[in-house]
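Heads up, the thing below is written out as structure tokens.
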Amino acid sequence: MAEYDQDNQRLTVKLVYYGPAQSGKTTNLTFLHQSANPQMKGELMVLETKGDRTLFFDMLPMGMRAASGLLIKLKLFTVPGQVAHDSTRKAVLSRADGLVFVADSQRTQSRNNLESFENLMANLSRVGLDVETLPLVVQFNKRDMDAIVTEQEVLQRWEKTPWPIVFASALRGEGVGETFRALLEKVYGSLNAQYQLQEAHGVTVAEFVTQLLSATPLAKD
Amino acid sequence: MPATCLEGFDFDREFALRDVLVPVDKKHLSALLEYLLGDFAITDTQGGHCLGEPSAVAGARLPLVLEIEPVGYLHTRCADEPAQAMGQQLVMMELRAAQKYLMASALHIEAIQEDYDALCLKHELLQASEARYKALCEQLDQKVAEQIGTIESTQRKLFESEKLASVGQLAAGIAHEINNPIGFVNSNLNTARGYIDELLKVGALISANAGMSVLRESWKQADMDFVLGDFSDLLGESIDGIQRVAAIIADLKLFSNVDAEEELVVDINKYLAAGINVARTSLDSQTSLEFDAGVLPQTRCRPGYLGQVILALIMNSADAIAAHKGAASAGHIEVRSYCLNHRIHVEVIDNGPGIPAHLVERIFDPFFTTKDVGKGKGLGLTTCRDIVTAHGGEMTIDTGVAQGARIGFWLPVVTGSD
């Protein structure tokens, strides 16, 4: 649930990168931190990790100032992917305004993807979020690896779902911006419906995406 | 920092300057900033004073950005711009570290609480299921108790019916034993009545003052010498017969009425003999039965029950011998009693087919039988064992015998009242 602070003219939006362990959630944020060019960009907060694995969360803050003076502030979070950290994952997921599910394209990881996605669905209902209305983008990461599920197979498998599918290689920076752009477009829809971004603050979807991602395409996109 | 600062807020909320200053070591931060800038002040976005020398707000104003927008300002009258930038960086580093700490702590508490709640729920479910199992278990106990009740009452009924069967079997033998003397006593008495008539005729002649020669003639005609001799024999025979009946009845009395029997301190030989005598009435003439009674100390027991045991053992032997008809030699059963090491031993030895080794383990099991269908009820030896066990003794089977069976029991010699 986006947090609107009238006194400070600030709308805070929470976006969460969810997915199985080591599917590249932090890598997505790292690349956005390095390469995205939003109007305002904060430091990437990385909490202590153990052997390259997220224990609590990572957070990347960014934002834009609307013509009306409203500060639209995005906070991008990653969850810890390891099965054991479910309570932490659930707490990070709470109050999310948009979701990216980062799946691992390697064939060996299909089962983990499925389990993590089921875990996401279970946790969404536990924290009171409605998967029907929550903006969600599915990213199939690690397209640079060998022995991956083909794009055709992925599309076929997800054919009946309502969510956009994006193929990515976060390590190479491919598809990361595209994923984020798809998410921004969906999030804009729900924010505009609730906070009249266009009418009250003069923010169109194009401006929303441009100001929060980049006026020009990302270097590696 | 006080714990209350962490409680009750979401880890991902917006942080104000005052929030993130809480975990910061303000004394050392102030010392560093004073060293770097001379004087300084930190205010929040509303101008509220948070740290340092309030008058420093007159100097330069440097924004303190936590995420993307300023949460407060660093003020200093120091004009050295690189020093200003370093001071600003220093405070922002401190604030971001503090924010990171606060967020991680809050998230940790949220997760722990979540885990705890989940554990509580699990615990509740476990308790519920434990209660369910407990209830089930109690029900089961009750069911088992009911079943045991049913089985016990069935067993009692079987025991009773077996007793009735053995009583019936005995009654046939006893009826024969009693009928025989009663038959000849009856016949003797009828003959005696005829003799009395003859005597009365002689008596009438005496009353009529008949002459001695007439009397002699009449005495001779009636063969009175023979009559009187035979009369005496008849009475002697009848008394023997009545005594036989009396003996059988005495044995039966010892043997019967076991249910109301109290414990007695007795020489059990007497009761064994009664059981043996009762058994004898049921044996065929081809089978001999001997009792080799040793000298026994008196012991506390329920003697009627022991008589039942010896009867059951003898009847088993007799049945075994009868079923083994091929044997050329006549059946022979010997009962022995003796005392050894404060134990009274009783054995029944027969020359029947013996007990096959593989059945020895099972012969005391309820309902185990080697008899033909319909002949045995299978409770005989089980009941014997129960009686002997109740006396503190044990059944014995000697499997080492060359021919026939040797089965019996021993009892401890008990003289006290307990």
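Chain lettering (A, B, ...) mirrors the order of the structure tokens, residue numbering begins at 1 for each chain separately, and ligand numbering begins at 1 in order of display.
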Can you pull out the residues contacting range 16-26 of chain B? Cut-off 9 Å, using only C-alpha atoms, and skip same-chain residues under 4 positions away; I want them as a PDB file with C-alpha atoms, in the first residue's frame.
ATOM      1  CA  MET B   1      19.141   2.538  22.624  1.00  0.00           C
ATOM      2  CA  PRO B   2      15.794   1.926  24.296  1.00  0.00           C
ATOM      3  CA  CYS B   5      12.264   2.742  19.573  1.00  0.00           C
ATOM      4  CA  SER B  30      29.940  15.778  17.940  1.00  0.00           C
ATOM      5  CA  ALA B  31      33.616  15.505  18.848  1.00  0.00           C
ATOM      6  CA  THR B  43      18.455  20.526  12.457  1.00  0.00           C
ATOM      7  CA  ASP B  44      15.549  18.608  10.963  1.00  0.00           C
ATOM      8  CA  THR B  45      13.605  19.740   7.886  1.00  0.00           C
ATOM      9  CA  CYS B  50      18.807  18.086  17.095  1.00  0.00           C
ATOM     10  CA  LEU B  51      22.530  18.285  17.872  1.00  0.00           C
ATOM     11  CA  LEU B  64      21.596  15.580   4.884  1.00  0.00           C
ATOM     12  CA  LEU B  66      19.198   9.701   3.820  1.00  0.00           C
ATOM     13  CA  VAL B  71      15.868  14.595   6.235  1.00  0.00           C
ATOM     14  CA  GLY B  72      17.696  17.502   7.865  1.00  0.00           C
ATOM     15  CA  GLU B  94      26.378   7.694  10.289  1.00  0.00           C
ATOM     16  CA  LEU B  95      22.673   8.223   9.557  1.00  0.00           C
ATOM     17  CA  ARG B  96      22.581   5.598   6.806  1.00  0.00           C
ATOM     18  CA  ALA B  97      24.330   3.079   9.021  1.00  0.00           C
ATOM     19  CA  ALA B  98      21.809   3.875  11.765  1.00  0.00           C
ATOM     20  CA  GLN B  99      18.901   3.472   9.332  1.00  0.00           C
ATOM     21  CA  TYR B 101      20.552  -1.013  11.711  1.00  0.00           C
ATOM     22  CA  LEU B 102      17.035   0.117  12.566  1.00  0.00           C
TER      23      LEU B 102
END
Find the residues near Met59 in chain A: any atom within 12 Å, counting only C-alpha atoms, skip ones fewer than 3 places away on the same chain, and give them as a tab-separated table (two decimals) with N, CA, C and O atoms, in the first residue's frame.
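around-v7.tsv was written with the following content:
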chain	number	residue	atom	x	y	z
A	14	LYS	N	6.37	0.93	-2.62
A	14	LYS	CA	7.26	-0.21	-2.31
A	14	LYS	C	7.19	-1.26	-3.41
A	14	LYS	O	6.11	-1.75	-3.74
A	15	LEU	N	8.34	-1.57	-4.00
A	15	LEU	CA	8.41	-2.58	-5.05
A	15	LEU	C	9.32	-3.71	-4.58
A	15	LEU	O	10.39	-3.45	-4.04
A	16	VAL	N	8.88	-4.93	-4.78
A	16	VAL	CA	9.65	-6.07	-4.22
A	16	VAL	C	10.07	-7.03	-5.33
A	16	VAL	O	9.26	-7.42	-6.18
A	17	TYR	N	11.35	-7.39	-5.30
A	17	TYR	CA	11.88	-8.43	-6.19
A	17	TYR	C	11.87	-9.75	-5.41
A	17	TYR	O	12.56	-9.88	-4.41
A	25	LYS	N	18.12	-11.59	-7.86
A	25	LYS	CA	17.33	-10.43	-7.40
A	25	LYS	C	18.24	-9.26	-7.07
A	25	LYS	O	18.00	-8.12	-7.52
A	26	THR	N	19.29	-9.53	-6.27
A	26	THR	CA	20.22	-8.47	-5.91
A	26	THR	C	20.95	-7.93	-7.14
A	26	THR	O	21.19	-6.72	-7.26
A	27	THR	N	21.25	-8.83	-8.08
A	27	THR	CA	21.95	-8.41	-9.31
A	27	THR	C	21.09	-7.42	-10.10
A	27	THR	O	21.60	-6.45	-10.68
A	28	ASN	N	19.76	-7.65	-10.11
A	28	ASN	CA	18.84	-6.71	-10.74
A	28	ASN	C	18.99	-5.32	-10.12
A	28	ASN	O	19.11	-4.32	-10.83
A	29	LEU	N	18.95	-5.28	-8.79
A	29	LEU	CA	19.04	-3.99	-8.10
A	29	LEU	C	20.39	-3.33	-8.33
A	29	LEU	O	20.48	-2.11	-8.54
A	30	THR	N	21.45	-4.15	-8.27
A	30	THR	CA	22.80	-3.61	-8.48
A	30	THR	C	22.90	-2.95	-9.85
A	30	THR	O	23.44	-1.84	-10.00
A	32	LEU	N	20.41	-1.79	-11.72
A	32	LEU	CA	19.59	-0.58	-11.76
A	32	LEU	C	20.32	0.56	-11.05
A	32	LEU	O	20.29	1.71	-11.51
A	33	HIS	N	20.98	0.24	-9.95
A	33	HIS	CA	21.71	1.26	-9.20
A	33	HIS	C	22.81	1.86	-10.05
A	33	HIS	O	23.01	3.07	-10.08
A	41	LYS	N	18.23	9.41	-7.30
A	41	LYS	CA	18.65	8.03	-7.04
A	41	LYS	C	19.45	8.00	-5.76
A	41	LYS	O	20.37	8.80	-5.57
A	42	GLY	N	19.12	7.09	-4.84
A	42	GLY	CA	19.84	6.98	-3.59
A	42	GLY	C	20.89	5.89	-3.66
A	42	GLY	O	21.18	5.34	-4.72
A	43	GLU	N	21.48	5.62	-2.50
A	43	GLU	CA	22.50	4.58	-2.42
A	43	GLU	C	21.83	3.21	-2.30
A	43	GLU	O	20.75	3.09	-1.70
A	44	LEU	N	22.46	2.20	-2.84
A	44	LEU	CA	21.95	0.83	-2.69
A	44	LEU	C	22.32	0.34	-1.29
A	44	LEU	O	23.51	0.32	-0.94
A	45	MET	N	21.31	0.04	-0.53
A	45	MET	CA	21.58	-0.47	0.82
A	45	MET	C	21.64	-1.99	0.74
A	45	MET	O	20.66	-2.64	0.42
A	46	VAL	N	22.86	-2.52	1.00
A	46	VAL	CA	23.01	-3.97	0.98
A	46	VAL	C	23.31	-4.42	2.39
A	46	VAL	O	24.27	-3.97	3.00
A	47	LEU	N	22.47	-5.27	2.93
A	47	LEU	CA	22.73	-5.74	4.29
A	47	LEU	C	23.74	-6.89	4.25
A	47	LEU	O	23.94	-7.52	3.23
A	54	THR	N	21.56	-13.01	0.35
A	54	THR	CA	20.88	-11.98	1.12
A	54	THR	C	20.27	-12.59	2.38
A	54	THR	O	19.59	-13.60	2.30
A	56	PHE	N	18.70	-10.38	4.96
A	56	PHE	CA	17.49	-9.61	5.29
A	56	PHE	C	16.85	-9.09	4.01
A	56	PHE	O	15.81	-9.56	3.60
A	62	MET	N	14.76	5.45	-5.07
A	62	MET	CA	14.86	6.39	-6.19
A	62	MET	C	13.57	7.20	-6.24
A	62	MET	O	12.60	6.87	-5.55
A	74	LEU	N	10.29	5.74	-4.86
A	74	LEU	CA	10.21	4.28	-5.01
A	74	LEU	C	11.27	3.65	-4.10
A	74	LEU	O	12.40	4.12	-4.04
A	75	LYS	N	10.86	2.58	-3.44
A	75	LYS	CA	11.85	1.81	-2.69
A	75	LYS	C	11.81	0.39	-3.26
A	75	LYS	O	10.79	-0.30	-3.16
A	76	LEU	N	12.94	-0.01	-3.85
A	76	LEU	CA	13.02	-1.35	-4.43
A	76	LEU	C	13.67	-2.28	-3.41
A	76	LEU	O	14.78	-2.01	-2.93
A	77	PHE	N	12.98	-3.37	-3.09
A	77	PHE	CA	13.50	-4.33	-2.11
A	77	PHE	C	13.75	-5.68	-2.77
A	77	PHE	O	13.07	-6.04	-3.74
A	78	THR	N	14.71	-6.39	-2.23
A	78	THR	CA	14.81	-7.81	-2.58
A	78	THR	C	14.50	-8.61	-1.31
A	78	THR	O	14.71	-8.13	-0.21
A	79	VAL	N	13.99	-9.83	-1.50
A	79	VAL	CA	13.76	-10.71	-0.35
A	79	VAL	C	14.90	-11.73	-0.28
A	79	VAL	O	15.54	-11.99	-1.29
A	80	PRO	N	15.12	-12.31	0.89
A	80	PRO	CA	16.06	-13.43	0.95
A	80	PRO	C	15.40	-14.64	0.29
A	80	PRO	O	14.26	-14.97	0.63
A	92	VAL	N	9.13	-8.73	4.40
A	92	VAL	CA	9.58	-7.80	3.34
A	92	VAL	C	8.46	-7.63	2.31
A	92	VAL	O	8.24	-6.53	1.78
B	11	PHE	N	9.48	-2.01	9.31
B	11	PHE	CA	10.90	-1.83	8.97
B	11	PHE	C	11.08	-0.94	7.74
B	11	PHE	O	12.10	-0.31	7.57
B	12	ASP	N	10.04	-0.88	6.88
B	12	ASP	CA	10.19	-0.17	5.61
B	12	ASP	C	9.53	1.21	5.63
B	12	ASP	O	9.23	1.77	4.60
B	67	GLU	N	17.92	8.99	1.91
B	67	GLU	CA	17.63	8.12	0.77
B	67	GLU	C	17.76	8.93	-0.52
B	67	GLU	O	18.76	8.83	-1.22
B	96	ARG	N	22.96	6.76	7.62
B	96	ARG	CA	22.58	5.60	6.81
B	96	ARG	C	22.87	4.29	7.54
B	96	ARG	O	22.09	3.33	7.46
B	99	GLN	N	20.15	3.89	9.98
B	99	GLN	CA	18.90	3.47	9.33
B	99	GLN	C	18.94	1.98	9.02
B	99	GLN	O	17.98	1.23	9.24
B	100	LYS	N	20.09	1.58	8.49
B	100	LYS	CA	20.26	0.18	8.13
B	100	LYS	C	20.07	-0.71	9.36
B	100	LYS	O	19.36	-1.72	9.32
B	103	MET	N	16.36	-0.69	10.38
B	103	MET	CA	15.54	-1.50	9.48
B	103	MET	C	15.75	-2.99	9.73
B	103	MET	O	14.78	-3.77	9.82
B	104	ALA	N	17.04	-3.37	9.84
B	104	ALA	CA	17.34	-4.79	10.04
B	104	ALA	C	16.76	-5.28	11.36
B	104	ALA	O	16.16	-6.37	11.43
Worksheet item: Can you list, as an MDAnalysis selection string, every residue of chain A that DSSP puts in helix (DSSP H, G or I)?
Response: chainID A and resid 25:35 83:93 107:126 151:157 176:195 197:201 205:212
Discussion item. At a cut-off of 7 Å, which residues of chain B touch chain A? Count only C-alpha atoms and give the answer as a ChimeraX atom specification.
Written reply: /B:67-68,104,107,110-111,114-115
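Nearest residue to Ala170 in chain A, choosing from A:Gly189, A:Gly19, A:Gly24, A:Gly98 and counting only C-alpha atoms: A:Gly24.
Distance annotation: of B:Thr383, B:Ser129, B:Asn179, B:Gln298, the residue with the minimal separation from Ile344 in chain B is B:Gln298; atom set is only C-alpha atoms.
For the pair CA of Ser213 in chain B and CA of Asp197 in chain B, the separation is 20.8 Å.
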Item to complete: Show which residues sit within 12 Å of Glu118 in chain A, as a PyMOL selection string. Count only C-alpha atoms, and ignore same-chain residues fewer than 3 positions away.
Response: chain A and resi 18-20+83+101+111-115+121-125+131
